[in-house]
Every structure is written in C-alpha cells, then in structure tokens.
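Novice: I am sharing entry_8.tsv, which consists of TSV, C-alpha atoms (C1' of nucleotides):
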```tsv
chain	number	residue	atom	x	y	z
E	8	MET	CA	-36.96	-43.91	-12.65
E	9	SER	CA	-35.29	-47.32	-12.72
E	10	ASP	CA	-34.34	-46.77	-16.33
E	11	VAL	CA	-31.20	-45.10	-15.12
E	12	ARG	CA	-28.19	-46.07	-17.19
E	13	TRP	CA	-25.92	-47.11	-14.32
E	14	LEU	CA	-22.18	-47.36	-14.80
E	15	SER	CA	-20.58	-50.69	-15.62
E	16	ALA	CA	-17.60	-51.84	-13.57
E	17	GLU	CA	-15.25	-50.57	-16.25
E	18	GLU	CA	-17.03	-47.26	-16.48
E	19	GLN	CA	-16.82	-46.86	-12.74
E	20	GLU	CA	-13.08	-47.38	-12.94
E	21	ILE	CA	-12.80	-44.66	-15.55
E	22	TRP	CA	-15.01	-42.30	-13.62
E	23	ARG	CA	-13.18	-42.82	-10.37
E	24	ALA	CA	-9.77	-42.43	-11.96
E	25	TYR	CA	-10.81	-39.23	-13.66
E	26	MET	CA	-12.55	-37.71	-10.68
E	27	THR	CA	-9.87	-38.67	-8.21
E	28	ALA	CA	-7.19	-37.13	-10.36
E	29	ASN	CA	-9.21	-33.95	-10.74
E	30	VAL	CA	-9.82	-33.57	-7.06
E	31	GLU	CA	-6.29	-34.37	-6.05
E	32	PHE	CA	-4.67	-32.32	-8.76
E	33	SER	CA	-6.73	-29.21	-8.24
E	34	ALA	CA	-6.29	-29.49	-4.49
E	35	TYR	CA	-2.55	-29.70	-5.06
E	36	VAL	CA	-2.43	-26.67	-7.32
E	37	ASP	CA	-4.72	-24.67	-5.08
E	38	ARG	CA	-2.66	-25.38	-1.99
E	39	GLN	CA	0.56	-24.56	-3.78
E	40	LEU	CA	-0.84	-21.15	-4.68
E	41	ARG	CA	-2.29	-20.44	-1.27
E	42	ARG	CA	0.91	-21.40	0.46
E	43	GLU	CA	3.37	-19.62	-1.77
E	44	SER	CA	1.32	-16.69	-2.95
E	45	GLY	CA	-1.53	-16.29	-0.51
E	46	MET	CA	-4.27	-16.60	-3.09
E	47	PRO	CA	-6.63	-19.39	-4.09
E	48	MET	CA	-6.66	-20.69	-7.64
E	49	ALA	CA	-9.83	-18.77	-8.47
E	50	TYR	CA	-8.16	-15.47	-7.65
E	51	TYR	CA	-5.09	-16.36	-9.65
E	52	GLU	CA	-7.31	-17.08	-12.62
E	53	ILE	CA	-8.96	-13.69	-12.30
E	54	LEU	CA	-5.61	-11.91	-12.24
E	55	VAL	CA	-4.41	-13.87	-15.26
E	56	ARG	CA	-7.44	-12.94	-17.31
E	57	LEU	CA	-7.08	-9.31	-16.40
E	58	SER	CA	-3.40	-9.33	-17.25
E	59	GLU	CA	-4.20	-10.64	-20.72
E	60	ALA	CA	-6.92	-8.10	-21.42
E	61	ASP	CA	-6.50	-4.84	-23.30
E	62	GLY	CA	-5.39	-2.17	-20.91
E	63	ARG	CA	-5.45	-4.81	-18.19
E	64	CYS	CA	-9.10	-4.12	-17.59
E	65	LEU	CA	-12.36	-5.89	-18.26
E	66	ARG	CA	-16.05	-5.45	-17.60
E	67	MET	CA	-17.19	-7.43	-14.57
E	68	SER	CA	-19.42	-9.69	-16.62
E	69	GLU	CA	-16.69	-10.38	-19.18
E	70	LEU	CA	-14.30	-11.13	-16.37
E	71	ALA	CA	-16.83	-13.47	-14.83
E	72	ASP	CA	-17.17	-15.45	-18.04
E	73	ALA	CA	-13.44	-15.48	-18.69
E	74	SER	CA	-12.60	-16.70	-15.21
E	75	MET	CA	-15.45	-19.19	-14.98
E	76	SER	CA	-16.96	-17.48	-11.95
E	77	SER	CA	-20.55	-16.69	-11.20
E	78	ARG	CA	-21.22	-12.96	-11.02
E	79	SER	CA	-21.75	-13.25	-7.32
E	80	ARG	CA	-18.51	-15.05	-6.76
E	81	LEU	CA	-16.66	-12.52	-8.84
E	82	SER	CA	-18.11	-9.62	-6.87
E	83	HIS	CA	-16.89	-11.09	-3.62
E	84	ALA	CA	-13.54	-12.03	-5.10
E	85	VAL	CA	-12.92	-8.62	-6.64
E	86	ALA	CA	-13.85	-6.99	-3.35
E	87	ALA	CA	-11.15	-9.06	-1.68
E	88	LEU	CA	-8.61	-8.36	-4.42
E	89	GLU	CA	-9.38	-4.67	-4.20
E	90	LYS	CA	-8.72	-4.74	-0.49
E	91	ASN	CA	-5.26	-6.11	-1.35
E	92	GLY	CA	-4.71	-3.29	-3.79
E	93	TRP	CA	-4.38	-5.76	-6.64
E	94	VAL	CA	-7.30	-4.42	-8.67
E	95	VAL	CA	-9.49	-1.32	-8.77
E	96	ARG	CA	-13.07	-0.88	-9.91
E	97	ARG	CA	-14.39	2.11	-11.84
E	98	PRO	CA	-17.73	2.80	-13.44
E	99	ALA	CA	-17.83	1.79	-17.10
E	100	ASP	CA	-18.39	4.63	-19.50
E	101	GLY	CA	-21.33	4.27	-21.81
E	102	ASP	CA	-23.33	2.04	-19.51
E	103	ARG	CA	-24.05	3.30	-16.07
E	104	ARG	CA	-24.94	-0.17	-14.84
E	105	GLY	CA	-21.54	-1.56	-15.54
E	106	TRP	CA	-18.14	-1.52	-13.92
E	107	VAL	CA	-14.69	-2.21	-15.22
E	108	CYS	CA	-12.09	-3.97	-13.15
E	109	GLU	CA	-8.49	-3.04	-13.70
E	110	LEU	CA	-5.35	-4.82	-12.64
E	111	THR	CA	-3.00	-2.50	-10.76
E	112	ASP	CA	0.76	-2.57	-10.99
E	113	THR	CA	0.83	-4.09	-7.54
E	114	GLY	CA	-1.55	-6.78	-8.72
E	115	PHE	CA	0.54	-7.46	-11.77
E	116	ALA	CA	3.60	-7.77	-9.59
E	117	ALA	CA	1.80	-10.23	-7.31
E	118	LEU	CA	0.85	-12.26	-10.35
E	119	ALA	CA	4.38	-12.19	-11.70
E	120	GLU	CA	5.62	-13.47	-8.40
E	121	ALA	CA	3.06	-16.24	-8.20
E	122	ALA	CA	3.43	-17.49	-11.75
E	123	PRO	CA	6.72	-19.40	-11.63
E	124	GLY	CA	5.67	-21.65	-8.78
E	125	HIS	CA	2.28	-22.24	-10.29
E	126	VAL	CA	3.57	-23.08	-13.74
E	127	THR	CA	6.18	-25.35	-12.26
E	128	ALA	CA	3.54	-27.22	-10.32
E	129	VAL	CA	1.43	-27.65	-13.45
E	130	ARG	CA	4.37	-28.79	-15.51
E	131	GLU	CA	5.64	-31.29	-12.97
E	132	LYS	CA	2.32	-32.78	-12.08
E	133	LEU	CA	0.60	-32.69	-15.44
E	134	PHE	CA	2.90	-32.35	-18.45
E	135	ASP	CA	5.77	-34.35	-17.04
E	136	VAL	CA	3.66	-37.39	-16.21
E	137	LEU	CA	1.81	-37.71	-19.52
E	138	THR	CA	2.88	-38.63	-23.04
E	139	PRO	CA	2.40	-36.22	-25.95
E	140	GLU	CA	-0.44	-38.36	-27.31
E	141	GLN	CA	-2.17	-38.40	-23.95
E	142	LEU	CA	-1.87	-34.64	-23.77
E	143	LEU	CA	-3.48	-34.15	-27.15
E	144	THR	CA	-6.29	-36.46	-26.22
E	145	LEU	CA	-6.69	-34.61	-22.96
E	146	ARG	CA	-7.12	-31.38	-24.87
E	147	ASP	CA	-9.78	-32.91	-27.08
E	148	VAL	CA	-11.50	-34.46	-24.11
E	149	GLY	CA	-11.56	-31.13	-22.35
E	150	ARG	CA	-13.07	-29.44	-25.35
E	151	ALA	CA	-15.71	-32.13	-25.75
E	152	ILE	CA	-16.74	-31.93	-22.13
E	153	SER	CA	-16.97	-28.16	-22.18
E	154	ALA	CA	-18.92	-28.26	-25.43
E	155	GLY	CA	-21.34	-30.78	-23.96
E	156	LEU	CA	-21.96	-28.58	-20.98
E	157	ARG	CA	-22.45	-25.47	-23.06
E	158	GLU	CA	-24.79	-27.18	-25.46
E	159	GLU	CA	-27.37	-27.47	-22.76
E	160	CYS	CA	-27.11	-23.81	-21.90
E	161	ASP	CA	-27.64	-22.80	-25.49
E	162	ALA	CA	-30.54	-25.18	-25.79
E	163	ALA	CA	-32.12	-23.70	-22.69
E	164	ARG	CA	-31.63	-20.20	-24.03
E	165	ALA	CA	-33.00	-21.08	-27.46
E	166	ALA	CA	-36.01	-23.00	-26.13
E	167	GLY	CA	-38.89	-21.53	-24.21
E	168	ASP	CA	-36.37	-20.66	-21.56
E	169	ASP	CA	-39.14	-20.71	-19.01
E	170	ASP	CA	-39.00	-24.38	-18.08
E	171	ALA	CA	-36.41	-27.10	-17.62
E	172	ASP	CA	-33.14	-26.56	-15.82
E	173	PRO	CA	-31.96	-23.18	-14.67
E	174	PRO	CA	-29.42	-21.45	-16.93
E	175	CYS	CA	-25.73	-22.10	-16.76
W	1	MET	CA	14.42	-18.26	-10.85
W	2	SER	CA	14.13	-17.46	-14.55
W	3	ASP	CA	14.82	-21.07	-15.43
W	4	VAL	CA	11.12	-21.79	-15.16
W	5	ARG	CA	9.91	-24.07	-17.91
W	6	TRP	CA	7.03	-21.89	-19.12
W	7	LEU	CA	4.25	-23.36	-21.21
W	8	SER	CA	4.36	-23.14	-24.99
W	9	ALA	CA	1.30	-21.85	-26.82
W	10	GLU	CA	0.20	-25.41	-27.53
W	11	GLU	CA	0.73	-26.46	-23.94
W	12	GLN	CA	-1.30	-23.51	-22.78
W	13	GLU	CA	-4.13	-24.63	-24.99
W	14	ILE	CA	-4.01	-28.09	-23.49
W	15	TRP	CA	-3.84	-26.79	-19.96
W	16	ARG	CA	-6.69	-24.35	-20.44
W	17	ALA	CA	-8.89	-26.93	-22.10
W	18	TYR	CA	-8.26	-29.43	-19.34
W	19	MET	CA	-8.69	-27.01	-16.48
W	20	THR	CA	-11.74	-25.35	-17.91
W	21	ALA	CA	-13.45	-28.67	-18.41
W	22	ASN	CA	-12.61	-29.72	-14.87
W	23	VAL	CA	-13.93	-26.58	-13.33
W	24	GLU	CA	-17.08	-26.50	-15.39
W	25	PHE	CA	-17.78	-30.18	-15.09
W	26	SER	CA	-17.32	-30.42	-11.38
W	27	ALA	CA	-19.34	-27.26	-10.88
W	28	TYR	CA	-22.09	-28.85	-12.91
W	29	VAL	CA	-22.09	-32.09	-10.98
W	30	ASP	CA	-21.88	-30.33	-7.66
W	31	ARG	CA	-24.79	-28.05	-8.45
W	32	GLN	CA	-26.88	-30.94	-9.68
W	33	LEU	CA	-26.36	-32.71	-6.37
W	34	ARG	CA	-26.99	-29.65	-4.25
W	35	ARG	CA	-30.15	-28.79	-6.10
W	36	GLU	CA	-31.72	-32.23	-6.31
W	37	SER	CA	-30.38	-33.84	-3.17
W	38	GLY	CA	-29.31	-31.04	-0.88
W	39	MET	CA	-25.74	-32.24	-0.52
W	40	PRO	CA	-22.44	-31.16	-2.04
W	41	MET	CA	-20.34	-33.59	-4.01
W	42	ALA	CA	-17.93	-34.08	-1.12
W	43	TYR	CA	-20.74	-35.34	1.11
W	44	TYR	CA	-22.03	-37.64	-1.58
W	45	GLU	CA	-18.59	-39.12	-1.90
W	46	ILE	CA	-18.43	-39.75	1.84
W	47	LEU	CA	-21.76	-41.53	1.81
W	48	VAL	CA	-20.72	-43.64	-1.17
W	49	ARG	CA	-17.55	-44.79	0.52
W	50	LEU	CA	-19.40	-45.69	3.67
W	51	SER	CA	-22.04	-47.57	1.72
W	52	GLU	CA	-19.34	-49.71	0.11
W	53	ALA	CA	-17.56	-50.50	3.36
W	54	ASP	CA	-18.00	-53.61	5.47
W	55	GLY	CA	-20.88	-53.05	7.84
W	56	ARG	CA	-21.28	-49.64	6.28
W	57	CYS	CA	-18.76	-48.23	8.70
W	58	LEU	CA	-15.21	-46.99	8.55
W	59	ARG	CA	-12.63	-45.44	10.83
W	60	MET	CA	-12.50	-41.68	10.43
W	61	SER	CA	-8.99	-41.72	9.01
W	62	GLU	CA	-9.83	-44.47	6.53
W	63	LEU	CA	-12.89	-42.55	5.48
W	64	ALA	CA	-10.80	-39.43	5.04
W	65	ASP	CA	-8.39	-41.21	2.72
W	66	ALA	CA	-11.15	-42.95	0.80
W	67	SER	CA	-13.11	-39.77	0.24
W	68	MET	CA	-10.09	-37.60	-0.51
W	69	SER	CA	-10.81	-35.28	2.42
W	70	SER	CA	-8.44	-33.81	4.92
W	71	ARG	CA	-9.11	-35.00	8.45
W	72	SER	CA	-10.36	-31.57	9.37
W	73	ARG	CA	-12.74	-31.40	6.49
W	74	LEU	CA	-14.06	-34.84	7.28
W	75	SER	CA	-14.67	-33.94	10.91
W	76	HIS	CA	-16.77	-30.96	9.92
W	77	ALA	CA	-18.56	-32.90	7.20
W	78	VAL	CA	-19.39	-35.84	9.43
W	79	ALA	CA	-20.68	-33.47	12.06
W	80	ALA	CA	-23.07	-32.04	9.48
W	81	LEU	CA	-24.08	-35.47	8.20
W	82	GLU	CA	-24.69	-36.62	11.74
W	83	LYS	CA	-26.99	-33.66	12.29
W	84	ASN	CA	-28.99	-34.92	9.32
W	85	GLY	CA	-29.18	-38.37	10.85
W	86	TRP	CA	-27.32	-39.81	7.88
W	87	VAL	CA	-24.37	-41.16	9.86
W	88	VAL	CA	-23.47	-41.84	13.47
W	89	ARG	CA	-20.12	-41.84	15.22
W	90	ARG	CA	-19.07	-44.30	17.89
W	91	PRO	CA	-15.77	-44.86	19.65
W	92	ALA	CA	-13.62	-47.49	17.92
W	93	ASP	CA	-12.88	-50.51	20.01
W	94	GLY	CA	-9.24	-51.33	20.53
W	95	ASP	CA	-8.01	-47.78	20.16
W	96	ARG	CA	-9.50	-45.20	22.43
W	97	ARG	CA	-8.31	-42.36	20.20
W	98	GLY	CA	-10.30	-43.57	17.24
W	99	TRP	CA	-13.86	-43.31	16.04
W	100	VAL	CA	-15.86	-45.24	13.54
W	101	CYS	CA	-18.43	-43.59	11.35
W	102	GLU	CA	-21.45	-45.62	10.33
W	103	LEU	CA	-23.98	-44.96	7.60
W	104	THR	CA	-27.53	-45.13	8.96
W	105	ASP	CA	-30.52	-46.51	7.09
W	106	THR	CA	-31.73	-42.97	6.65
W	107	GLY	CA	-28.38	-42.05	5.17
W	108	PHE	CA	-28.46	-45.01	2.85
W	109	ALA	CA	-31.91	-44.01	1.70
W	110	ALA	CA	-30.73	-40.46	1.03
W	111	LEU	CA	-27.88	-41.86	-1.02
W	112	ALA	CA	-30.19	-44.16	-2.95
W	113	GLU	CA	-32.38	-41.22	-3.77
W	114	ALA	CA	-29.48	-39.04	-4.88
W	115	ALA	CA	-27.73	-41.64	-7.02
W	116	PRO	CA	-29.92	-41.75	-10.15
W	117	GLY	CA	-29.70	-38.04	-10.84
W	118	HIS	CA	-26.00	-37.99	-10.14
W	119	VAL	CA	-25.19	-40.97	-12.34
W	120	THR	CA	-27.33	-39.56	-15.11
W	121	ALA	CA	-25.46	-36.28	-14.98
W	122	VAL	CA	-22.13	-38.07	-15.15
W	123	ARG	CA	-23.24	-40.25	-18.02
W	124	GLU	CA	-24.68	-37.44	-20.09
W	125	LYS	CA	-21.88	-34.98	-19.57
W	126	LEU	CA	-18.93	-37.34	-19.55
W	127	PHE	CA	-19.54	-40.76	-21.10
W	128	ASP	CA	-21.94	-39.61	-23.78
W	129	VAL	CA	-19.62	-36.95	-25.16
W	130	LEU	CA	-16.45	-39.03	-25.40
W	131	THR	CA	-15.39	-41.94	-27.56
W	132	PRO	CA	-14.40	-45.29	-26.04
W	133	GLU	CA	-10.76	-44.64	-26.87
W	134	GLN	CA	-10.88	-41.23	-25.26
W	135	LEU	CA	-12.39	-42.78	-22.16
W	136	LEU	CA	-9.64	-45.35	-21.85
W	137	THR	CA	-7.02	-42.67	-22.28
W	138	LEU	CA	-8.80	-40.59	-19.70
W	139	ARG	CA	-8.56	-43.45	-17.24
W	140	ASP	CA	-4.84	-43.84	-17.86
W	141	VAL	CA	-4.32	-40.11	-17.62
W	142	GLY	CA	-6.13	-40.03	-14.32
W	143	ARG	CA	-4.01	-42.83	-12.96
W	144	ALA	CA	-0.81	-41.18	-14.09
W	145	ILE	CA	-1.70	-37.87	-12.52
W	146	SER	CA	-2.68	-39.45	-9.23
W	147	ALA	CA	0.47	-41.55	-9.24
W	148	GLY	CA	2.59	-38.46	-9.89
W	149	LEU	CA	1.03	-36.68	-6.96
W	150	ARG	CA	1.44	-39.61	-4.64
W	151	GLU	CA	5.03	-40.16	-5.63
W	152	GLU	CA	6.00	-36.92	-3.96
W	153	CYS	CA	4.27	-37.88	-0.76
W	154	ASP	CA	6.08	-41.17	-0.62
W	155	ALA	CA	9.36	-39.48	-1.40
W	156	ALA	CA	8.77	-37.04	1.41
W	157	ARG	CA	7.98	-39.86	3.78
W	158	ALA	CA	10.98	-41.90	2.71
W	159	ALA	CA	13.43	-39.01	2.83
W	160	GLY	CA	14.52	-37.10	5.89
W	161	ASP	CA	10.91	-36.06	6.23
W	162	ASP	CA	12.06	-33.02	8.11
W	163	ASP	CA	12.57	-30.70	5.20
W	164	ALA	CA	10.98	-29.87	1.84
W	165	ASP	CA	7.27	-29.60	1.30
W	166	PRO	CA	4.72	-30.45	3.93
W	167	PRO	CA	3.08	-33.89	3.62
W	168	CYS	CA	0.17	-34.63	1.38
O	4	DC	C1'	-43.63	9.10	-22.00
O	5	DC	C1'	-43.98	5.27	-19.26
O	6	DC	C1'	-44.18	0.39	-18.23
O	7	DG	C1'	-42.58	-4.15	-17.86
O	8	DA	C1'	-38.81	-7.17	-19.08
O	9	DT	C1'	-34.11	-7.70	-18.91
O	10	DC	C1'	-29.40	-6.87	-17.82
O	11	DC	C1'	-25.37	-5.50	-14.64
O	12	DA	C1'	-23.66	-5.96	-10.48
O	13	DT	C1'	-23.88	-6.13	-5.44
O	14	DT	C1'	-25.32	-7.76	-0.89
O	15	DG	C1'	-26.17	-10.80	3.17
O	16	DA	C1'	-26.78	-15.02	5.13
O	17	DG	C1'	-25.60	-19.61	5.50
O	18	DA	C1'	-22.95	-23.45	4.11
O	19	DG	C1'	-18.43	-25.57	3.39
O	20	DT	C1'	-13.24	-25.41	3.45
O	21	DT	C1'	-8.64	-24.37	5.17
O	22	DC	C1'	-5.20	-23.68	8.43
O	23	DA	C1'	-3.19	-23.81	12.72
O	24	DA	C1'	-3.60	-25.15	17.27
O	25	DC	C1'	-5.05	-28.51	20.42
O	26	DC	C1'	-6.09	-32.70	23.38
O	27	DA	C1'	-6.02	-37.44	24.20
O	28	DC	C1'	-4.02	-41.69	23.44
O	29	DC	C1'	-0.55	-45.03	21.61
O	30	DG	C1'	4.13	-47.11	21.41
O	31	DT	C1'	8.69	-47.25	22.64
O	32	DA	C1'	12.75	-46.30	25.04
O	33	DT	C1'	14.72	-44.73	28.84
F	14	DA	C1'	7.28	-45.99	35.92
F	15	DT	C1'	7.86	-41.91	32.88
F	16	DA	C1'	9.08	-39.21	29.34
F	17	DC	C1'	8.57	-38.50	24.44
F	18	DG	C1'	7.57	-38.41	19.69
F	19	DG	C1'	3.95	-39.88	16.63
F	20	DT	C1'	-0.96	-40.84	15.56
F	21	DG	C1'	-6.24	-40.07	15.59
F	22	DG	C1'	-9.37	-36.82	15.65
F	23	DT	C1'	-11.55	-32.37	16.93
F	24	DT	C1'	-12.09	-27.36	17.28
F	25	DG	C1'	-12.44	-22.31	16.18
F	26	DA	C1'	-11.50	-18.58	13.34
F	27	DA	C1'	-10.89	-16.70	8.96
F	28	DC	C1'	-11.94	-17.23	4.41
F	29	DT	C1'	-14.43	-18.56	0.13
F	30	DC	C1'	-18.48	-20.04	-2.25
F	31	DT	C1'	-23.48	-20.58	-3.15
F	32	DC	C1'	-28.04	-19.12	-3.29
F	33	DA	C1'	-31.69	-15.98	-3.21
F	34	DA	C1'	-32.98	-11.32	-2.96
F	35	DT	C1'	-32.13	-6.57	-4.16
F	36	DG	C1'	-31.54	-2.14	-6.76
F	37	DG	C1'	-30.36	0.69	-10.37
F	38	DA	C1'	-30.02	1.19	-15.50
F	39	DT	C1'	-31.23	0.00	-20.26
F	40	DC	C1'	-34.39	-1.28	-23.89
F	41	DG	C1'	-38.55	-2.15	-26.46
F	42	DG	C1'	-43.14	-1.42	-27.13
F	43	DG	C1'	-47.78	0.77	-26.38
```
The structure given in the file should be rewritten as structure tokens.
Specialist:
Amino acid sequence: MSDVRWLSAEEQEIWRAYMTANVEFSAYVDRQLRRESGMPMAYYEILVRLSEADGRCLRMSELADASMSSRSRLSHAVAALEKNGWVVRRPADGDRRGWVCELTDTGFAALAEAAPGHVTAVREKLFDVLTPEQLLTLRDVGRAISAGLREECDAARAAGDDDADPPC
Amino acid sequence: MSDVRWLSAEEQEIWRAYMTANVEFSAYVDRQLRRESGMPMAYYEILVRLSEADGRCLRMSELADASMSSRSRLSHAVAALEKNGWVVRRPADGDRRGWVCELTDTGFAALAEAAPGHVTAVREKLFDVLTPEQLLTLRDVGRAISAGLREECDAARAAGDDDADPPC
DNA sequence: CCCGATCCATTGAGAGTTCAACCACCGTAT
DNA sequence: ATACGGTGGTTGAACTCTCAATGGATCGGG
C-alpha cells in the first residue's frame, strides 16, 4: 500500500493548475447558463445533442451516451425538461422497452436563445486566453484522457466482467 | 446579437474534446473517492487544504477561497464534515463574526486513508496518458484559464462595481 | 415454450449544490 | 453616540445528482 506513486512537487503544480481551471471554468460556464437561460450545463448539453440528431430525436440510451449522463440522471433531467415543454417522450417503435426523446420547437427556441451567451462565454474564457498551439495540444490532451478512461471500460467488458471495478 | 463569434468546426472539436475529458475525468475521480472513501471530491479538497494549513485550521472564508467553494457551499460542507467528526468549528479570536475550522485527528486519518486511491487514480488517468510536454502545456493552459477568469473579477472590483456582472 | 440473463428505462431516497435572504459584527463618518 | 455600508458566515428551500432497487421487454438456449 505504500508503493503509491505520489506526485512530485512539479506534478502537484500541474495537477492543481489543471484541476483548479476545470473547476473554476465549468462553474463559470454553468452559472452563466443558469443565470441567463435558467438551465444547468447538463441540460444545455442534452438539448444540443437532440438538436443535432436526425429528426431532433434520440433514444434515451443514445442520448445518455451522447450527453455524458448516467441513465438515471438523464431520466430525471428529461422529466424536468418535459415539464418545461422543451422535449417530449414517446415509446420507441420496434422495441417496447425503449423511448425516444424529441426536442420540441419550444425547446429548440430555448436553445437558440441560450446559445449566444454560452458560446461567448466559452470563446472569451477559453479560446481568447490560449494560443493556437495550446489549443491543439488541449484537444489532443482531451482525447488522450478520454481514451484512457474508456480503455478501462472496454477492458472490464472484455474480461470476465464479474470482478474488478464496476462498469463505466 | 448576431455578431456572436460562433465556433468553427475545428474549434468545436477542441471544445468538445476538452469538455468531454473534463466531465468524464472529474466524474471518474469523484466516483472513485465516493466509493472508496465515502466523500465527494469537494470534501476531499477541503480536508487537503486544512491539512496543509498552519495548525491544521483556517478561517471559513480562507478555506472557501482555498477550496474553490462558495461560502454557502462551504458552510453546508463543513456542517457535514463536523457531523463525521472530521473537523470542528470554533469562534475566531479577534473578530466575533468569524469562525475557524480545524481538522481533527480523525479527519486527518480519513484523509490519509483516502489519499492513496485518489492519487493513484489521478496518476493513472492523467499523468500516465500524457507526455511530459503535454503536461507542461496543460499547466500553462490551466494558469491562463484561471487568470482569465480572475481578471474579470478584478475588473469588476476595480470598476464602478455597481453594474455589470455579479462578482465571482 | 419457458427460463434465466440481459437490456431499457424509471423511481425514490438521500446527499450535495445553488440562490436568495438573513443576522451579527466591523469600520468609518457623521 | 449612532447611523450606515461592507464583511463573515449561516440558513432554508428548491433543485440536481448519485446510488441502489425495481419492473417490463428482449434474447438465447434447453
């Protein structure tokens, strides 16, 4: 247990800088959206994914993956969005277990109204403060991190799948 | 209103990659801590900051800044931590409005037990998947983002302070 | 045809966060 | 003194998220 690979002073600096920026930045973006559009970032993400889908509708599980939500979280979120009239749920045809979630015109309008402020926040606080090289590296870093996280899921699925960490 | 500087396709790729990694990574770290140590990331951060402070205690407002919490969030969090016996609150001397929060031995022990798993998660999912150059860039990127966010706060403070966005 | 395994999605409870008051105290100026 | 704006911190309600449990539907054998 004491064979933990602790962080060096320099690594701690990196870790803190990265984590602090993440926390502060996502708090900033989330608050901007809540204040100006009355929805948290997670809901905005759901609406965006729906708006990009064919026919503006998606199976619940697809929507969950696309919006990086757990199924449970998505159920609660969609219930709230439906109460706003921004989406509707209908049974999926062909599979009586499934449901499709569709973005309504009202929901699309809400998204259209929220987008300018959100994009502006992202541009000002992310793109405007970094150099083009930093941005490209940031993209690669993001991909590498995501790949590293997914790798373990796949491994768990491929392996016995009955031990080790719970799924992703 | 239509003079919004929308994101180009390439910028969208960068933004998505960055945000996705953030969401997934912090979800991963948070779940690891909850599962193995029964505390969310935010509480871990509070304990860490206390453990690094002189006498393992800090004024509530200092602790809020150090742990990137709002005052309200910190109040609730400290109340929960106190219920666990991990911290205690006492009135600050010299200012009868203030309180100091102190990490107990029990709290320190809980932190010591949580740390190995947490650090291992961070090392495996962050440091092990990136190159040294990427890590240095990531540190600079983090600093730039945080600086950009703070800039606006300072500007707000310096300016009339009675218009524009609410404080930070 | 039926059984167990799996998948889709929801539910409820409890934990954590946010926002908007709120109270008490400080400092200063009146 | 006292009034006043600003600071330190808390509170409650509404909201969101997590976790574990549930239920119905599909699928692959026996």
Novice: Kindly assemble as CSV a list of the chain O residues that lie within 8 Å of chain E, each paired with its nearest atom pair and their distance in Å to one decimal, using all atoms listed in the file, sorted first by chain and then by ascending residue number.
Specialist:
```
residue,atom,partner,partner_atom,distance
O:DC11,C1',E:Arg104,CA,5.4
O:DA12,C1',E:Gly105,CA,7.0
O:DT13,C1',E:Ser82,CA,6.9
```
Novice: Name all residues at most 12 Å from F:DT24 (count only C-alpha atoms (C1' of nucleotides); drop same-chain ones fewer than 4 positions away) and give them as JSON, numbers by chain.
Specialist: {"W": [72, 73, 75, 76, 79], "O": [22, 23, 24, 25, 26]}
Novice: So the first atom is atom CA of E:Glu52 and the second is atom CA of E:Ser74; what is the distance between them in Å, to one decimal place?
Specialist: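 Interatomic distance, atom CA of E:Glu52 to atom CA of E:Ser74: 5.9 Å.
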Novice: In file coordinates, which residues lie within 8 Å of (-5.1, -11.0, -12.0) using all atoms listed in the file, given as JSON, numbers by chain?
Specialist: {"E": [50, 51, 52, 53, 54, 55, 56, 57, 58, 93, 94, 110, 114, 115, 118]}
Novice: Residues of chain F no more than 9 Å from chain E, counting only C-alpha atoms (C1' of nucleotides): send them over as a PyMOL selection string.
Specialist: chain F and resi 29-31+37-39
Novice: Restrict the selected residues to C-alpha atoms (C1' of nucleotides) and save them as an mmCIF file, in the coordinates of the input.
Specialist:
```
data_model
loop_
_atom_site.group_PDB
_atom_site.id
_atom_site.type_symbol
_atom_site.label_atom_id
_atom_site.label_comp_id
_atom_site.auth_asym_id
_atom_site.auth_seq_id
_atom_site.Cartn_x
_atom_site.Cartn_y
_atom_site.Cartn_z
ATOM 1 C "C1'" DT F 29 -14.430 -18.560 0.130
ATOM 2 C "C1'" DC F 30 -18.480 -20.040 -2.250
ATOM 3 C "C1'" DT F 31 -23.480 -20.580 -3.150
ATOM 4 C "C1'" DG F 37 -30.360 0.690 -10.370
ATOM 5 C "C1'" DA F 38 -30.020 1.190 -15.500
ATOM 6 C "C1'" DT F 39 -31.230 0.000 -20.260
#
```
Novice: List as a PyMOL selection string the protein and nucleic acid residues near W:Gly117, meaning an atom at most 12 Å away when only C-alpha atoms (C1' of nucleotides) are counted, but skip any in the same chain fewer than 5 places from it.
Specialist: (chain E and resi 8-13) or (chain W and resi 29-37+111-112+122-124)
Novice: Once you count only C-alpha atoms, which residues of chain W turn out to be within 8 Å of chain E? Could you give them as an NGL selection string?
Specialist: :W and (1 or 4-7 or 13-15 or 17-25 or 68 or 116 or 119-120 or 123 or 125-126 or 129-130 or 134-146 or 148-149)
Novice: From the list W:Ser8, W:Arg90, W:Val78, W:Glu151, which residue is nearest W:Ala64 when using all atoms listed in the file?
Specialist: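 Looking at the shortest contact to W:Ala64, the residue is W:Val78.
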Novice: Please measure the separation of atom C1' of O:DT33 and atom C1' of F:DG18, giving the value in Å to one decimal.
Specialist: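 That distance, rounded to one decimal, is 13.2 Å.
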Novice: Do you have the atom CA of E:Lys90-atom CA of E:Ala73 distance handy?
Specialist: 21.7 Å
